[in-house]
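One file, upload_33.cif, is given below (mmCIF, C-alpha atoms).
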```cif
data_protein
#
loop_
_atom_site.label_atom_id
_atom_site.label_comp_id
_atom_site.auth_asym_id
_atom_site.auth_seq_id
_atom_site.Cartn_x
_atom_site.Cartn_y
_atom_site.Cartn_z
CA ASP P 147 166.69 107.77 -137.85
CA ASP P 148 166.03 104.05 -137.63
CA ALA P 149 165.60 103.15 -133.95
CA ILE P 150 166.37 99.51 -134.63
CA SER P 151 169.88 100.29 -135.85
CA ASP P 152 170.63 101.84 -132.44
CA CYS P 153 169.53 98.82 -130.40
CA LEU P 154 172.08 96.76 -128.57
CA MET P 155 172.07 93.02 -129.05
CA ALA P 156 173.31 90.33 -126.70
CA PHE P 157 176.29 88.40 -128.02
CA GLN P 158 174.33 85.14 -127.98
CA ASP P 159 171.54 86.71 -130.06
CA PHE P 160 174.13 88.11 -132.44
CA LEU P 161 175.71 84.67 -132.82
CA TYR P 162 172.42 83.00 -133.77
CA ALA P 163 171.44 85.88 -136.08
CA PHE P 164 174.85 85.69 -137.77
CA GLN P 165 174.48 81.93 -138.26
CA VAL P 166 171.09 82.38 -139.94
CA GLN P 167 172.39 85.24 -142.11
CA PHE P 168 175.39 83.16 -143.12
CA CYS P 169 173.34 80.08 -144.03
CA TYR P 170 170.33 81.79 -145.60
CA ASN P 171 171.80 85.02 -147.00
CA GLU P 172 170.33 84.77 -150.50
CA PHE P 173 166.93 83.68 -149.17
CA LEU P 174 166.83 86.51 -146.61
CA ASN P 175 167.81 89.08 -149.25
CA SER P 176 164.96 87.84 -151.44
CA CYS P 177 162.59 88.05 -148.46
CA ARG P 178 163.73 91.63 -147.86
CA GLU P 179 163.04 92.55 -151.47
CA LEU P 180 159.63 90.91 -151.25
CA TYR P 181 158.88 92.76 -148.02
CA LEU P 182 159.92 96.08 -149.56
CA SER P 183 157.71 95.36 -152.54
CA LEU P 184 154.73 94.58 -150.31
CA SER P 185 155.42 97.69 -148.25
CA SER P 186 155.54 99.90 -151.31
CA ASP P 187 152.35 98.30 -152.66
CA LYS P 188 150.50 99.75 -149.69
CA GLY P 189 152.11 103.16 -150.12
CA ALA P 190 154.65 102.72 -147.35
CA THR P 191 157.91 102.90 -149.27
CA THR P 192 160.97 104.24 -147.49
CA GLY P 193 163.17 105.04 -150.43
CA GLY P 194 164.11 101.40 -151.02
CA THR P 195 166.56 101.16 -148.14
CA THR P 196 164.89 99.82 -145.01
CA PRO P 197 161.57 98.01 -144.70
CA ARG P 198 158.90 99.92 -142.80
CA LEU P 199 158.27 99.14 -139.16
CA GLU P 200 154.47 99.04 -139.47
CA GLY P 201 154.51 95.59 -141.02
CA VAL P 202 152.77 93.86 -143.87
CA GLU P 203 150.01 91.27 -143.76
CA SER P 204 151.64 88.03 -142.63
CA SER P 205 149.45 85.86 -144.88
CA ILE P 206 150.44 87.85 -147.98
CA PHE P 207 154.10 87.82 -146.95
CA LEU P 208 153.91 84.04 -146.38
CA ASP P 209 152.36 83.52 -149.83
CA GLY P 210 155.23 85.47 -151.36
CA ILE P 211 157.84 83.52 -149.41
CA THR P 212 156.20 80.26 -150.49
CA ASP P 213 156.56 81.40 -154.11
CA LEU P 214 160.20 82.38 -153.50
CA ILE P 215 160.97 78.93 -152.16
CA ALA P 216 159.12 77.18 -154.99
CA ASN P 217 160.83 79.20 -157.73
CA ASN P 218 164.43 79.30 -156.48
CA THR P 219 167.13 76.81 -155.58
CA TYR P 220 168.86 78.64 -152.74
CA HIS P 221 169.11 77.26 -149.22
CA HIS P 222 166.11 78.21 -147.07
CA PRO P 223 164.43 77.23 -143.81
CA SER P 224 161.40 74.96 -143.78
CA ILE P 225 158.21 76.70 -144.92
CA ARG P 226 156.48 75.24 -141.83
CA VAL P 227 158.93 77.11 -139.60
CA VAL P 228 158.46 80.32 -141.61
CA HIS P 229 154.70 79.84 -141.23
CA ARG P 230 155.08 79.50 -137.43
CA VAL P 231 157.27 82.61 -137.27
CA LEU P 232 154.85 84.69 -139.33
CA GLY P 233 151.82 83.25 -137.53
CA LYS P 234 152.82 85.04 -134.33
CA SER P 235 151.84 88.44 -135.69
CA LEU P 236 149.19 89.72 -138.09
CA LYS P 237 151.46 92.46 -139.45
CA PRO P 238 155.07 91.69 -138.59
CA SER P 239 157.85 94.13 -139.29
CA PHE P 240 160.79 92.76 -141.25
CA TYR P 241 162.89 93.03 -138.09
CA THR P 242 160.33 90.90 -136.18
CA TYR P 243 160.45 88.33 -138.98
CA LEU P 244 164.25 88.18 -138.88
CA LEU P 245 164.28 87.83 -135.10
CA GLY P 246 161.76 85.00 -135.33
CA ILE P 247 163.93 83.20 -137.88
CA ALA P 248 167.11 83.76 -135.85
CA ASN P 249 165.47 82.61 -132.60
CA SER P 250 163.90 79.46 -134.02
CA ASP P 251 165.23 76.35 -132.29
CA THR P 252 164.03 74.29 -135.27
CA ILE P 253 166.08 76.34 -137.73
CA ASN P 254 169.06 76.28 -135.39
CA ALA P 255 168.82 72.50 -135.10
CA SER P 256 168.56 72.08 -138.87
CA ILE P 257 171.72 74.15 -139.35
CA GLY P 258 173.34 72.05 -136.64
CA VAL P 259 176.30 74.25 -135.72
CA LEU P 260 175.36 76.00 -132.49
CA PRO P 261 173.79 74.32 -129.45
CA LYS P 262 170.25 75.12 -128.34
CA LYS P 263 169.94 78.57 -126.80
CA ALA P 264 168.81 77.07 -123.51
CA GLN P 265 172.08 75.12 -123.30
CA CYS P 266 174.07 78.31 -123.84
CA LEU P 267 172.22 80.01 -121.01
CA ASP P 268 172.65 77.10 -118.60
CA SER P 269 175.87 78.07 -116.85
CA ASP P 270 175.73 74.98 -114.59
CA SER P 271 175.91 72.57 -117.52
CA ALA P 272 178.68 74.64 -119.12
CA ALA P 273 180.66 74.60 -115.90
CA LYS P 274 180.13 70.83 -115.48
CA SER P 275 181.26 70.10 -119.02
CA THR P 276 184.37 72.22 -118.50
CA LYS P 277 185.21 70.35 -115.30
CA SER P 278 184.63 66.96 -116.89
CA ASP P 279 186.91 67.90 -119.79
CA SER P 280 189.78 68.52 -117.39
#
```
Could you quickly redo this structure as structure tokens?
Amino acid sequence: DDAISDCLMAFQDFLYAFQVQFCYNEFLNSCRELYLSLSSDKGATTGGTTPRLEGVESSIFLDGITDLIANNTYHHPSIRVVHRVLGKSLKPSFYTYLLGIANSDTINASIGVLPKKAQCLDSDSAAKSTKSDS
């Protein structure tokens, strides 16, 4: 029933999304619970399983995330980055929020494991580095 669960994802996108999920799992789970709570507050509950696609007000969601960060000790991205991600839409879906977090070069750089996405896409530089390693 959920169209998003049927979408294909490029391997590179999966890799960055996996990295973010691995590093920020507890934070993202708390964000999901917050999102579900905000969704149900406006009468848009989906049985507590998947956040609604219509979105919630980004400013309210950001206020809740700011409180989550202030009141917990788990690893989380910078609130400035979260603000930039949520600032791109007035009513983001949870999926849009997750994609924004996963696609953030700033978050990727702060984790420091994977190269910038642009470097992964640049086949010329990958080929040159392979040749120079030989």
Atomic separation - CA of Tyr170 in chain P relative to CA of Tyr220 in chain P, Å: 7.9 Å
Output of the PyMOL selection byres ((chain P and resi 176) around 12), listed as a PyMOL selection string: chain P and resi 170-175+177-183+207+210-215+217-222
Selection near range 232-240 of chain P, 6 Å with only C-alpha atoms, sequence-local residues under 3 positions removed, as number ranges by chain: P: 199-204, 229, 243
Coordinates-based distance that separates CA of Tyr162 in chain P from CA of Gly246 in chain P (Å, one decimal): 11.0 Å
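When CA of Val231 in chain P is paired with CA of Gln167 in chain P, their separation reads 16.1 Å.
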Leaving out Gln165 in chain P and any residue of its chain fewer than 4 positions from it, which residues lie within 9 Å of it when counting all atoms listed in the file, given as a compact mmCIF listing (two decimals) with C-alpha atoms, keeping the file's coordinate frame?
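Okay, this is what ended up in selection_24.txt:
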```
# COMPACT_ATOMS: atom_id res chain seq x y z
CA PHE P 160 174.13 88.11 -132.44
CA LEU P 161 175.71 84.67 -132.82
CA CYS P 169 173.34 80.08 -144.03
CA TYR P 170 170.33 81.79 -145.60
CA ALA P 248 167.11 83.76 -135.85
CA ASN P 254 169.06 76.28 -135.39
CA ILE P 257 171.72 74.15 -139.35
CA VAL P 259 176.30 74.25 -135.72
CA LEU P 260 175.36 76.00 -132.49
```
